[in-house]
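Colleague: Okay, so here is coords.cif, and as you'll see once you scroll down, it has mmCIF, C-alpha atoms and all ligand atoms.
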```cif
data_work
loop_
_atom_site.label_atom_id
_atom_site.label_comp_id
_atom_site.auth_asym_id
_atom_site.auth_seq_id
_atom_site.Cartn_x
_atom_site.Cartn_y
_atom_site.Cartn_z
CA MET A 1 -25.29 42.25 4.78
CA ALA A 2 -27.33 44.53 7.04
CA GLY A 3 -30.73 43.31 8.26
CA ALA A 4 -33.97 44.72 6.87
CA TYR A 5 -34.53 47.19 9.73
CA GLU A 6 -30.98 48.53 9.49
CA THR A 7 -31.39 48.98 5.72
CA THR A 8 -34.54 51.06 6.26
CA ASN A 9 -32.80 53.13 8.92
CA ARG A 10 -29.83 53.80 6.64
CA TYR A 11 -32.22 55.09 3.97
CA LEU A 12 -33.94 57.19 6.63
CA GLN A 13 -30.60 58.61 7.75
CA LEU A 14 -30.02 60.01 4.23
CA ALA A 15 -33.40 61.78 4.46
CA PHE A 16 -32.59 63.09 7.96
CA ASP A 17 -29.32 64.45 6.55
CA VAL A 18 -30.88 66.39 3.65
CA LEU A 19 -33.57 67.73 6.01
CA ARG A 20 -30.86 68.61 8.59
CA LEU A 21 -32.95 67.02 11.28
CA ASP A 22 -32.09 67.39 14.94
CA HIS A 23 -30.76 64.23 16.63
CA SER A 24 -33.67 63.88 19.08
CA TYR A 25 -36.11 63.70 16.17
CA LYS A 26 -34.18 60.84 14.60
CA THR A 27 -34.65 58.61 17.64
CA LEU A 28 -38.30 59.58 17.86
CA LEU A 29 -38.95 58.94 14.17
CA TRP A 30 -37.26 55.61 13.75
CA THR A 31 -38.25 53.92 17.00
CA PRO A 32 -41.48 51.84 16.77
CA SER A 33 -44.28 52.86 19.16
CA ARG A 34 -45.28 49.35 20.15
CA GLU A 35 -44.17 45.79 19.38
CA LEU A 36 -46.31 42.78 20.04
CA ARG A 37 -44.96 39.22 19.90
CA VAL A 38 -47.56 36.52 20.32
CA GLU A 39 -47.48 32.76 20.68
CA LEU A 40 -50.11 31.08 18.53
CA VAL A 41 -51.18 27.57 19.48
CA ILE A 42 -53.68 25.76 17.27
CA GLN A 43 -54.94 22.26 16.81
CA MET A 44 -53.79 20.77 13.50
CA ASP A 45 -56.15 18.65 11.36
CA ASP A 46 -54.42 15.43 12.51
CA GLY A 47 -54.99 16.31 16.17
CA THR A 48 -51.41 17.40 16.95
CA ILE A 49 -50.55 20.85 18.36
CA GLY A 50 -49.14 23.54 16.08
CA ASN A 51 -47.01 26.32 17.62
CA TYR A 52 -46.32 29.53 15.74
CA ILE A 53 -44.95 32.97 16.52
CA GLY A 54 -46.67 36.12 15.29
CA TYR A 55 -45.83 39.81 15.45
CA ARG A 56 -47.54 43.16 15.12
CA VAL A 57 -45.26 46.19 15.12
CA GLN A 58 -46.89 49.62 15.30
CA HIS A 59 -44.36 52.14 14.14
CA ASP A 60 -45.97 55.59 14.16
CA ASP A 61 -49.51 56.96 14.42
CA SER A 62 -49.00 60.71 14.42
CA ARG A 63 -50.83 61.10 11.07
CA GLY A 64 -53.65 58.64 11.80
CA PRO A 65 -54.35 55.06 12.94
CA PHE A 66 -51.60 52.50 12.42
CA LYS A 67 -51.96 50.79 9.04
CA GLY A 68 -50.23 47.94 7.28
CA GLY A 69 -50.39 44.39 6.04
CA LEU A 70 -50.04 40.97 7.62
CA ARG A 71 -47.70 38.43 5.99
CA TYR A 72 -47.37 34.68 6.35
CA HIS A 73 -43.85 33.50 5.55
CA PRO A 74 -41.19 31.23 7.10
CA ASP A 75 -38.66 34.14 7.11
CA VAL A 76 -40.86 36.48 9.17
CA ASP A 77 -39.01 37.79 12.23
CA LEU A 78 -39.09 40.89 14.41
CA ASP A 79 -36.35 42.62 12.44
CA GLU A 80 -38.22 42.25 9.16
CA VAL A 81 -41.60 43.26 10.61
CA ARG A 82 -40.01 46.35 12.22
CA SER A 83 -38.54 47.37 8.90
CA LEU A 84 -41.83 46.85 7.06
CA ALA A 85 -43.78 48.75 9.74
CA SER A 86 -41.43 51.71 9.39
CA LEU A 87 -41.77 51.62 5.57
CA MET A 88 -45.57 51.84 6.02
CA THR A 89 -45.20 55.05 8.07
CA TRP A 90 -43.29 56.76 5.24
CA LYS A 91 -45.48 55.19 2.51
CA THR A 92 -48.79 56.46 3.94
CA ALA A 93 -47.20 59.90 4.35
CA VAL A 94 -45.79 59.97 0.77
CA VAL A 95 -49.20 59.27 -0.79
CA ASN A 96 -50.89 61.43 1.82
CA VAL A 97 -53.45 59.05 3.27
CA PRO A 98 -54.40 59.72 6.92
CA PHE A 99 -52.71 56.71 8.49
CA GLY A 100 -49.56 55.81 10.33
CA GLY A 101 -47.49 52.68 9.79
CA ALA A 102 -47.62 49.12 11.11
CA LYS A 103 -46.97 45.57 9.94
CA GLY A 104 -47.69 42.09 11.16
CA GLY A 105 -46.50 38.65 10.34
CA ILE A 106 -46.63 35.01 11.30
CA GLN A 107 -43.59 32.79 10.90
CA VAL A 108 -45.23 30.01 8.92
CA ASP A 109 -45.16 28.38 5.50
CA PRO A 110 -48.84 28.67 4.56
CA ASN A 111 -48.41 26.04 1.82
CA GLN A 112 -47.92 23.42 4.54
CA LEU A 113 -51.29 24.24 6.15
CA SER A 114 -54.80 23.25 5.11
CA GLN A 115 -57.42 25.98 4.66
CA ARG A 116 -58.97 24.98 8.00
CA GLU A 117 -55.62 25.24 9.77
CA LEU A 118 -54.97 28.62 8.15
CA GLN A 119 -58.34 29.82 9.33
CA ARG A 120 -57.65 28.67 12.90
CA LEU A 121 -54.23 30.33 12.84
CA THR A 122 -55.69 33.61 11.54
CA ARG A 123 -58.46 33.62 14.17
CA CYS A 124 -55.92 32.82 16.90
CA PHE A 125 -53.69 35.70 15.74
CA THR A 126 -56.69 38.06 15.65
CA GLN A 127 -57.56 37.13 19.23
CA SER A 128 -53.97 37.62 20.34
CA VAL A 129 -53.60 41.11 18.88
CA MET A 130 -57.20 42.18 19.52
CA ILE A 131 -56.19 44.59 22.28
CA ALA A 132 -54.07 46.54 19.81
CA ILE A 133 -56.16 46.65 16.59
CA GLY A 134 -59.41 48.43 15.71
CA PRO A 135 -60.99 50.65 13.02
CA ASP A 136 -59.50 53.80 14.62
CA LEU A 137 -56.46 52.16 16.14
CA ASP A 138 -54.67 49.76 13.79
CA ILE A 139 -56.07 48.36 10.55
CA PRO A 140 -54.39 45.24 9.06
CA ALA A 141 -54.53 44.34 5.34
CA PRO A 142 -53.19 41.59 3.07
CA ASP A 143 -49.48 41.27 2.37
CA MET A 144 -47.26 38.39 1.23
CA ASN A 145 -49.22 35.07 1.23
CA THR A 146 -52.35 36.59 2.77
CA ASN A 147 -55.45 37.60 0.83
CA ALA A 148 -59.09 38.67 0.94
CA ARG A 149 -60.05 35.31 2.50
CA VAL A 150 -57.69 35.83 5.43
CA MET A 151 -59.11 39.34 5.90
CA SER A 152 -62.66 37.91 6.01
CA TRP A 153 -61.67 35.67 8.93
CA MET A 154 -60.02 38.57 10.78
CA PHE A 155 -63.09 40.77 10.24
CA ASP A 156 -65.37 37.99 11.46
CA GLU A 157 -63.28 37.14 14.54
CA TYR A 158 -62.93 40.79 15.59
CA SER A 159 -66.65 41.41 15.01
CA LYS A 160 -67.57 38.56 17.40
CA TYR A 161 -66.23 40.69 20.25
CA HIS A 162 -66.88 44.23 19.01
CA GLY A 163 -70.00 43.89 16.85
CA PHE A 164 -70.08 44.46 13.08
CA SER A 165 -66.69 46.10 12.31
CA PRO A 166 -65.80 45.91 8.60
CA ALA A 167 -63.34 48.84 8.94
CA VAL A 168 -61.03 46.80 11.21
CA VAL A 169 -59.26 45.32 8.14
CA THR A 170 -58.96 46.29 4.48
CA GLY A 171 -58.44 44.12 1.43
CA LYS A 172 -61.67 42.21 2.15
CA PRO A 173 -63.62 40.47 -0.64
CA VAL A 174 -65.96 42.79 -2.57
CA ASP A 175 -68.87 40.60 -1.39
CA LEU A 176 -67.91 41.22 2.24
CA HIS A 177 -67.48 45.02 2.44
CA GLY A 178 -64.29 45.15 0.37
CA SER A 179 -63.73 47.82 -2.27
CA LEU A 180 -63.89 47.50 -6.02
CA GLY A 181 -60.39 48.02 -7.39
CA ARG A 182 -58.54 46.96 -4.19
CA ASP A 183 -57.30 43.70 -5.68
CA ALA A 184 -55.60 45.44 -8.62
CA ALA A 185 -54.62 48.55 -6.64
CA THR A 186 -50.93 47.87 -5.92
CA GLY A 187 -50.26 46.79 -9.52
CA ARG A 188 -52.24 49.74 -10.88
CA GLY A 189 -50.37 52.12 -8.57
CA CYS A 190 -47.07 50.72 -9.91
CA LEU A 191 -48.31 51.40 -13.44
CA PHE A 192 -49.09 55.04 -12.59
CA ALA A 193 -45.70 55.41 -10.88
CA ILE A 194 -43.65 54.21 -13.86
CA ARG A 195 -45.88 56.11 -16.28
CA GLU A 196 -45.21 59.37 -14.40
CA VAL A 197 -41.46 58.74 -14.17
CA LEU A 198 -41.23 57.94 -17.89
CA HIS A 199 -43.39 60.95 -18.77
CA LEU A 200 -41.00 63.28 -16.94
CA ALA A 201 -38.12 61.75 -18.94
CA GLY A 202 -40.04 62.32 -22.19
CA ALA A 203 -40.81 58.63 -22.71
CA THR A 204 -43.97 56.48 -22.78
CA LEU A 205 -44.88 52.93 -21.83
CA THR A 206 -45.37 51.80 -25.43
CA GLY A 207 -42.73 49.26 -26.40
CA MET A 208 -40.87 49.53 -23.05
CA ARG A 209 -39.42 46.15 -22.08
CA PHE A 210 -40.29 44.97 -18.55
CA ALA A 211 -38.92 42.03 -16.55
CA ILE A 212 -41.04 41.17 -13.52
CA GLN A 213 -39.86 38.96 -10.65
CA GLY A 214 -42.99 37.65 -8.95
CA PHE A 215 -46.34 36.86 -10.53
CA GLY A 216 -48.54 37.11 -7.45
CA ASN A 217 -51.18 39.73 -6.75
CA VAL A 218 -48.86 42.68 -7.48
CA GLY A 219 -46.68 41.34 -10.32
CA GLY A 220 -49.62 39.57 -11.97
CA TRP A 221 -51.83 42.65 -12.07
CA LEU A 222 -48.98 44.90 -13.16
CA ALA A 223 -48.12 42.54 -16.04
CA LYS A 224 -51.74 42.51 -17.20
CA LEU A 225 -52.06 46.31 -17.06
CA LEU A 226 -48.71 46.85 -18.81
CA PHE A 227 -49.73 44.43 -21.57
CA GLU A 228 -52.97 46.40 -22.06
CA GLN A 229 -50.96 49.63 -22.27
CA GLY A 230 -48.76 48.30 -25.09
CA ALA A 231 -45.63 47.72 -23.02
CA LYS A 232 -43.62 44.51 -23.60
CA VAL A 233 -43.38 42.17 -20.64
CA ILE A 234 -40.41 40.03 -21.72
CA ALA A 235 -39.92 37.98 -18.54
CA VAL A 236 -41.94 36.95 -15.50
CA SER A 237 -41.29 34.46 -12.72
CA ASP A 238 -42.77 32.84 -9.64
CA VAL A 239 -41.34 30.63 -6.87
CA LYS A 240 -41.00 27.71 -9.29
CA GLY A 241 -39.01 29.62 -11.95
CA GLY A 242 -39.44 32.04 -14.83
CA ILE A 243 -40.23 32.40 -18.53
CA PHE A 244 -38.74 34.67 -21.19
CA ASN A 245 -39.76 35.84 -24.66
CA GLY A 246 -37.82 38.76 -26.16
CA ASP A 247 -40.78 39.74 -28.37
CA GLY A 248 -43.01 40.13 -25.32
CA LEU A 249 -45.14 37.56 -23.49
CA ASP A 250 -48.84 37.20 -24.22
CA ILE A 251 -49.95 37.94 -20.64
CA PRO A 252 -53.59 36.77 -20.93
CA ARG A 253 -52.23 33.42 -22.20
CA VAL A 254 -49.71 33.31 -19.34
CA ASN A 255 -52.64 33.80 -16.93
CA ASP A 256 -54.51 30.90 -18.57
CA HIS A 257 -51.39 28.74 -18.20
CA VAL A 258 -51.09 29.68 -14.50
CA ALA A 259 -54.78 28.87 -13.96
CA GLU A 260 -54.22 25.42 -15.51
CA THR A 261 -50.84 24.46 -14.03
CA GLY A 262 -50.34 26.67 -10.96
CA SER A 263 -47.15 28.26 -12.32
CA VAL A 264 -45.78 30.35 -15.21
CA VAL A 265 -43.15 27.63 -15.78
CA GLY A 266 -43.52 25.58 -18.97
CA MET A 267 -45.59 28.14 -20.85
CA PRO A 268 -45.41 27.17 -24.57
CA GLY A 269 -43.46 29.57 -26.82
CA THR A 270 -41.16 30.79 -24.04
CA GLU A 271 -37.64 30.05 -22.84
CA PRO A 272 -37.01 29.19 -19.19
CA ILE A 273 -35.19 31.77 -17.07
CA SER A 274 -34.21 31.49 -13.40
CA ASN A 275 -35.29 34.04 -10.80
CA GLU A 276 -31.64 35.18 -10.44
CA ALA A 277 -31.08 35.51 -14.20
CA LEU A 278 -34.28 37.51 -14.59
CA LEU A 279 -32.82 40.26 -12.41
CA THR A 280 -29.90 40.80 -14.76
CA THR A 281 -31.71 40.24 -18.05
CA ASP A 282 -31.52 42.97 -20.71
CA CYS A 283 -34.66 45.13 -20.23
CA ASP A 284 -35.73 48.74 -19.74
CA VAL A 285 -37.58 48.35 -16.46
CA LEU A 286 -36.79 45.72 -13.85
CA VAL A 287 -39.62 45.04 -11.40
CA PRO A 288 -38.80 43.13 -8.21
CA ALA A 289 -42.33 42.14 -7.11
CA ALA A 290 -41.60 39.30 -4.70
CA LEU A 291 -39.13 39.05 -1.81
CA GLY A 292 -37.01 41.63 0.01
CA HIS A 293 -33.24 42.10 -0.42
CA VAL A 294 -33.00 40.46 -3.88
CA LEU A 295 -30.90 43.27 -5.38
CA THR A 296 -27.55 43.19 -3.60
CA GLN A 297 -23.88 44.13 -3.88
CA GLN A 298 -23.44 40.77 -5.67
CA ASN A 299 -25.76 41.42 -8.63
CA ALA A 300 -26.25 45.23 -8.73
CA ARG A 301 -23.41 45.78 -11.23
CA ASP A 302 -24.93 43.20 -13.59
CA VAL A 303 -28.41 44.77 -13.67
CA ARG A 304 -29.04 46.00 -17.22
CA ALA A 305 -32.29 47.91 -16.70
CA LYS A 306 -32.51 51.70 -16.80
CA TYR A 307 -35.26 51.79 -14.20
CA ILE A 308 -36.05 49.68 -11.17
CA LEU A 309 -39.69 49.74 -10.11
CA GLU A 310 -39.88 48.46 -6.53
CA ALA A 311 -43.21 46.65 -6.42
CA ALA A 312 -42.01 44.53 -3.48
CA ASN A 313 -41.18 46.01 -0.08
CA GLY A 314 -37.46 46.44 0.56
CA PRO A 315 -36.08 44.62 -2.51
CA THR A 316 -32.85 46.67 -2.67
CA THR A 317 -30.02 46.57 -0.13
CA PHE A 318 -28.31 49.83 0.81
CA GLU A 319 -25.12 48.77 -1.01
CA ALA A 320 -27.03 47.88 -4.19
CA ASP A 321 -28.83 51.22 -4.03
CA GLU A 322 -25.48 53.07 -3.90
CA ILE A 323 -24.34 51.12 -6.97
CA PHE A 324 -27.55 51.97 -8.86
CA ASN A 325 -27.16 55.67 -8.02
CA GLU A 326 -23.54 55.58 -9.15
CA ARG A 327 -24.55 53.86 -12.41
CA GLY A 328 -27.40 56.29 -13.11
CA ILE A 329 -30.07 53.58 -12.79
CA VAL A 330 -33.28 55.18 -11.51
CA CYS A 331 -34.81 53.35 -8.55
CA ILE A 332 -38.49 54.11 -8.03
CA PRO A 333 -38.65 53.39 -4.30
CA ASP A 334 -41.13 51.00 -2.69
CA ILE A 335 -42.58 53.67 -0.39
CA TYR A 336 -43.86 55.40 -3.52
CA ALA A 337 -44.01 52.66 -6.19
CA ASN A 338 -46.16 50.13 -4.31
CA ALA A 339 -48.28 52.62 -2.32
CA GLY A 340 -51.35 52.02 -4.52
CA GLY A 341 -52.45 49.17 -2.22
CA VAL A 342 -52.66 51.29 0.90
CA CYS A 343 -54.24 54.15 -1.08
CA VAL A 344 -57.19 51.96 -2.00
CA SER A 345 -57.18 50.47 1.50
CA TYR A 346 -57.84 54.02 2.65
CA MET A 347 -60.76 54.22 0.19
CA GLU A 348 -62.12 50.88 1.44
CA TRP A 349 -61.86 52.07 5.05
CA THR A 350 -63.60 55.33 4.08
CA GLN A 351 -66.44 53.41 2.39
CA ASN A 352 -66.81 51.15 5.45
CA THR A 353 -66.82 53.97 7.98
CA GLN A 354 -69.25 56.05 5.87
CA LYS A 355 -71.40 52.98 5.08
CA THR A 356 -71.31 53.63 1.36
CA THR A 357 -69.80 52.11 -1.80
CA TRP A 358 -67.77 53.68 -4.59
CA SER A 359 -67.69 52.68 -8.26
CA GLU A 360 -64.48 51.14 -9.60
CA GLU A 361 -63.97 54.23 -11.74
CA GLN A 362 -64.19 56.48 -8.68
CA VAL A 363 -61.59 54.33 -6.91
CA ASN A 364 -59.20 54.24 -9.87
CA THR A 365 -59.48 57.98 -10.51
CA SER A 366 -58.75 58.74 -6.88
CA LEU A 367 -55.83 56.30 -6.88
CA GLU A 368 -54.37 58.01 -9.96
CA ARG A 369 -54.70 61.42 -8.24
CA HIS A 370 -52.81 60.18 -5.15
CA MET A 371 -50.02 58.65 -7.26
CA VAL A 372 -49.64 61.67 -9.56
CA ASP A 373 -49.64 64.16 -6.66
CA ALA A 374 -47.12 62.09 -4.72
CA HIS A 375 -44.86 61.93 -7.78
CA ARG A 376 -44.95 65.73 -8.12
CA ALA A 377 -44.15 66.21 -4.43
CA VAL A 378 -41.23 63.73 -4.61
CA VAL A 379 -39.78 65.35 -7.75
CA LYS A 380 -39.98 68.77 -6.10
CA LEU A 381 -37.86 67.58 -3.18
CA GLN A 382 -35.50 65.75 -5.52
CA GLU A 383 -34.84 69.07 -7.25
CA GLU A 384 -34.54 70.95 -3.96
CA PHE A 385 -32.09 68.50 -2.40
CA ARG A 386 -30.45 67.18 -5.61
CA CYS A 387 -30.80 63.63 -4.32
CA SER A 388 -32.12 60.25 -5.45
CA MET A 389 -35.82 59.60 -5.81
CA ARG A 390 -35.61 57.32 -2.76
CA THR A 391 -34.06 59.96 -0.50
CA ALA A 392 -36.60 62.52 -1.75
CA ALA A 393 -39.51 60.14 -1.02
CA PHE A 394 -38.19 59.40 2.49
CA ALA A 395 -37.63 63.13 3.05
CA LEU A 396 -41.21 63.86 1.99
CA GLY A 397 -42.54 61.19 4.36
CA VAL A 398 -40.33 62.30 7.24
CA ARG A 399 -41.27 65.96 6.77
CA ARG A 400 -45.00 65.16 6.86
CA VAL A 401 -44.71 62.86 9.88
CA LYS A 402 -42.50 65.34 11.74
CA ASN A 403 -44.97 68.17 11.06
CA ALA A 404 -47.85 66.09 12.42
CA THR A 405 -45.78 65.15 15.46
CA ASP A 406 -44.90 68.81 16.11
CA LEU A 407 -48.48 69.98 15.65
CA ARG A 408 -49.82 67.40 18.10
CA GLY A 409 -47.15 68.37 20.61
CA LEU A 410 -45.33 66.20 23.10
CA GLY A 411 -46.71 65.15 26.45
N1 LIG B 501 -49.39 45.18 2.42
C1 LIG B 501 -49.53 46.34 1.57
C2 LIG B 501 -48.30 47.22 1.67
O1 LIG B 501 -47.25 46.78 2.01
C3 LIG B 501 -50.83 47.07 1.83
C4 LIG B 501 -51.00 47.64 3.20
C5 LIG B 501 -52.39 48.19 3.48
O2 LIG B 501 -53.19 48.27 2.57
O3 LIG B 501 -52.61 48.53 4.65
O4 LIG B 501 -48.33 48.37 1.31
#
```
Go ahead and render the structure in this file as structure tokens.
Ligand code: GLU
Modeller:
Amino acid sequence: MAGAYETTNRYLQLAFDVLRLDHSYKTLLWTPSRELRVELVIQMDDGTIGNYIGYRVQHDDSRGPFKGGLRYHPDVDLDEVRSLASLMTWKTAVVNVPFGGAKGGIQVDPNQLSQRELQRLTRCFTQSVMIAIGPDLDIPAPDMNTNARVMSWMFDEYSKYHGFSPAVVTGKPVDLHGSLGRDAATGRGCLFAIREVLHLAGATLTGMRFAIQGFGNVGGWLAKLLFEQGAKVIAVSDVKGGIFNGDGLDIPRVNDHVAETGSVVGMPGTEPISNEALLTTDCDVLVPAALGHVLTQQNARDVRAKYILEAANGPTTFEADEIFNERGIVCIPDIYANAGGVCVSYMEWTQNTQKTTWSEEQVNTSLERHMVDAHRAVVKLQEEFRCSMRTAAFALGVRRVKNATDLRGLG
């Protein structure tokens, strides 16, 4: 199986082909601008020394400052961070926010660290990448296993050296210059994305059966919003396992259960389902909202959904994508589907730089506008090039980034 970066580049190649892009542009557009690898040494609570490796890859900044999350996971490596940084470049272009693309990560299992150790690690990382980040240079945000708390530490550490700088990171707590609506933004963006896709097909969310892999910030919010819209969430899962109820899960009760036990597993009135089985369960919309590369050549033929809503980054391998296209399964690609997070990050950054605050309604209305407009633009290219939604989304992103690059000029 190809690595994450190769998968992204193979998707990009399809967009280059439909756009008939000159070879020199390809190299320019897929090569990251800057890659930082840092050694992080911290003192652990028991007095021993902890060594970690962190990365920040800045892919492209022709449309604006580099932008993208920071993840903490044992599988983080340069290949994955490169791929995710590139995806951010196309994502910010698809939803038309004035940023480029970047991503960071630390190879660590955050569950093995105390809060104090996590704080030390985050501050150490911030120090190590300080030369390359800034409110007009590169703006990190939460990603897998990082959250508003982690962003508070980054903001604080950066501000020690540069003075009060809330716009250096987004996804901060609302009480510390974060934006209303940022927490729910990626899930809400996913909701708008599937709503628009269904609308074009003459369908609605009511009664649609969803299976969601991952019940973290994105999957959890999406499940809640879908439930409120009258859709049926029939299966959800987390790292410990999953739960199924064909009549639809009572999501508020699932949330209560998670608050009490720390997992969806064991929720009364449900049947257990494994993370693997969830992917091939009978449903209308399958939502991978956790790890990358979970839909592969091995399980793609067994997927029974009509739509795949990519709430996670890079959940589908190139081979699985070909199988879905062949089978007429519509894949709503990550660079559009999960772009709600960075949309509201843009609004948070705008509020910080303008020293103002927006109401939640203002944020949500603006998010909806970005998602609806992006959907229209993607569909237009899909019709023009007679291609998949993914290729159209990449083509839209590439076209916008190439135009900005051309307008700025080389040299
Ligand atoms: N980590 C999120 C993503 O992958 C959000 C990035 C951001 O807000 O900068 O899109």
Colleague: Using all atoms listed in the file, which protein or nucleic acid residues come within 8 Å of Gly189 in chain A? Drop anything in the same chain fewer than 6 positions from it, and give the result as a PDB file with C-alpha atoms, in the frame of the given file.
Modeller:
```pdb
ATOM      1  CA  ALA A 337     -44.010  52.660  -6.190  1.00  0.00           C
ATOM      2  CA  ASN A 338     -46.160  50.130  -4.310  1.00  0.00           C
ATOM      3  CA  ALA A 339     -48.280  52.620  -2.320  1.00  0.00           C
ATOM      4  CA  GLY A 340     -51.350  52.020  -4.520  1.00  0.00           C
ATOM      5  CA  GLY A 341     -52.450  49.170  -2.220  1.00  0.00           C
ATOM      6  CA  LEU A 367     -55.830  56.300  -6.880  1.00  0.00           C
ATOM      7  CA  GLU A 368     -54.370  58.010  -9.960  1.00  0.00           C
ATOM      8  CA  MET A 371     -50.020  58.650  -7.260  1.00  0.00           C
TER       9      MET A 371
END
```
Colleague: Set out as a Markdown table a contact list for chain A and ligand LIG 501 (chain B) with a cut-off of 6 Å, giving each residue of chain A that qualifies its closest atom pair and distance in Å to one decimal, counting all atoms listed in the file, ordered by chain and rising residue number.
Modeller:
```
| residue | atom | partner | partner_atom | distance |
| --- | --- | --- | --- | --- |
| A:Lys67 | CA | B:LIG501 | O3 | 5.0 |
| A:Gly68 | CA | B:LIG501 | O3 | 3.6 |
| A:Gly69 | CA | B:LIG501 | N1 | 3.8 |
| A:Pro140 | CA | B:LIG501 | O3 | 5.8 |
| A:Ala141 | CA | B:LIG501 | O3 | 4.7 |
| A:Pro142 | CA | B:LIG501 | N1 | 5.3 |
| A:Asp143 | CA | B:LIG501 | N1 | 3.9 |
| A:Ala339 | CA | B:LIG501 | O4 | 5.6 |
| A:Gly341 | CA | B:LIG501 | C3 | 4.8 |
| A:Val342 | CA | B:LIG501 | O2 | 3.5 |
| A:Ser345 | CA | B:LIG501 | O2 | 4.7 |
```
Colleague: If you keep C-alpha atoms, can you produce a file of those selected residues as a tab-separated table (two decimals), keeping the file's coordinate frame?
Modeller:
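Saved result, part_32.tsv, follows:
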```
chain	number	residue	atom	x	y	z
A	67	LYS	CA	-51.96	50.79	9.04
A	68	GLY	CA	-50.23	47.94	7.28
A	69	GLY	CA	-50.39	44.39	6.04
A	140	PRO	CA	-54.39	45.24	9.06
A	141	ALA	CA	-54.53	44.34	5.34
A	142	PRO	CA	-53.19	41.59	3.07
A	143	ASP	CA	-49.48	41.27	2.37
A	339	ALA	CA	-48.28	52.62	-2.32
A	341	GLY	CA	-52.45	49.17	-2.22
A	342	VAL	CA	-52.66	51.29	0.90
A	345	SER	CA	-57.18	50.47	1.50
```
Colleague: If you count only C-alpha atoms, which residues fall within 12 Å of Ser179 in chain A, apart from same-chain ones fewer than 6 positions away, as an NGL selection string?
Modeller: :A and (148 or 166-167 or 169-173 or 185 or 341 or 343-352 or 355-364)
Colleague: Using only C-alpha atoms, please write the residues we just selected to a file, as a PDB file, in the coordinates of the input.
Modeller:
```
ATOM      1  CA  ALA A 148     -59.090  38.670   0.940  1.00  0.00           C
ATOM      2  CA  PRO A 166     -65.800  45.910   8.600  1.00  0.00           C
ATOM      3  CA  ALA A 167     -63.340  48.840   8.940  1.00  0.00           C
ATOM      4  CA  VAL A 169     -59.260  45.320   8.140  1.00  0.00           C
ATOM      5  CA  THR A 170     -58.960  46.290   4.480  1.00  0.00           C
ATOM      6  CA  GLY A 171     -58.440  44.120   1.430  1.00  0.00           C
ATOM      7  CA  LYS A 172     -61.670  42.210   2.150  1.00  0.00           C
ATOM      8  CA  PRO A 173     -63.620  40.470  -0.640  1.00  0.00           C
ATOM      9  CA  ALA A 185     -54.620  48.550  -6.640  1.00  0.00           C
ATOM     10  CA  GLY A 341     -52.450  49.170  -2.220  1.00  0.00           C
ATOM     11  CA  CYS A 343     -54.240  54.150  -1.080  1.00  0.00           C
ATOM     12  CA  VAL A 344     -57.190  51.960  -2.000  1.00  0.00           C
ATOM     13  CA  SER A 345     -57.180  50.470   1.500  1.00  0.00           C
ATOM     14  CA  TYR A 346     -57.840  54.020   2.650  1.00  0.00           C
ATOM     15  CA  MET A 347     -60.760  54.220   0.190  1.00  0.00           C
ATOM     16  CA  GLU A 348     -62.120  50.880   1.440  1.00  0.00           C
ATOM     17  CA  TRP A 349     -61.860  52.070   5.050  1.00  0.00           C
ATOM     18  CA  THR A 350     -63.600  55.330   4.080  1.00  0.00           C
ATOM     19  CA  GLN A 351     -66.440  53.410   2.390  1.00  0.00           C
ATOM     20  CA  ASN A 352     -66.810  51.150   5.450  1.00  0.00           C
ATOM     21  CA  LYS A 355     -71.400  52.980   5.080  1.00  0.00           C
ATOM     22  CA  THR A 356     -71.310  53.630   1.360  1.00  0.00           C
ATOM     23  CA  THR A 357     -69.800  52.110  -1.800  1.00  0.00           C
ATOM     24  CA  TRP A 358     -67.770  53.680  -4.590  1.00  0.00           C
ATOM     25  CA  SER A 359     -67.690  52.680  -8.260  1.00  0.00           C
ATOM     26  CA  GLU A 360     -64.480  51.140  -9.600  1.00  0.00           C
ATOM     27  CA  GLU A 361     -63.970  54.230 -11.740  1.00  0.00           C
ATOM     28  CA  GLN A 362     -64.190  56.480  -8.680  1.00  0.00           C
ATOM     29  CA  VAL A 363     -61.590  54.330  -6.910  1.00  0.00           C
ATOM     30  CA  ASN A 364     -59.200  54.240  -9.870  1.00  0.00           C
TER      31      ASN A 364
END
```
Colleague: Could you state the separation of CA of Ala102 in chain A and CA of Trp90 in chain A in Å, given to one decimal place?
Modeller: 10.6 Å
Colleague: Which residues are near range 152-158 of chain A? Cut-off 12 Å, only C-alpha atoms, ignore same chain within fewer than 4 positions. Put them as a PyMOL selection string.
Modeller: chain A and resi 70+115-116+118-135+139-142+146-148+162-178
Colleague: Out of A:Ser366, A:Thr92, A:Asn325, A:Gln107, which residue has the shortest atom-to-atom distance to Tyr55 in chain A when counting all atoms listed in the file?
Modeller: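 Checking each of A:Ser366, A:Thr92, A:Asn325, A:Gln107 against Tyr55 in chain A, counting all atoms listed in the file, the winner is A:Gln107.
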Colleague: What does the distance from CA of Met267 in chain A to CA of Val254 in chain A come to in Å, to one decimal?
Modeller: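 Atom-to-atom, CA of Met267 in chain A and CA of Val254 in chain A are spaced 6.8 Å apart.
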Colleague: If we count all atoms listed in the file and set the cut-off at 9 Å, which residues sit around range 212-220 of chain A, ignoring sequence neighbours fewer than 5 positions away in its own chain? Please answer as an MDAnalysis selection string.
Modeller: chainID A and resid 144:145 147 183:188 190 225 233:239 242 251 255 263:264 275 278:279 285:291 311:312 338
Colleague: Hey, can you check how far CA of Gly105 in chain A sits from CA of Val81 in chain A?
Modeller: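 So the answer is 6.7 Å.
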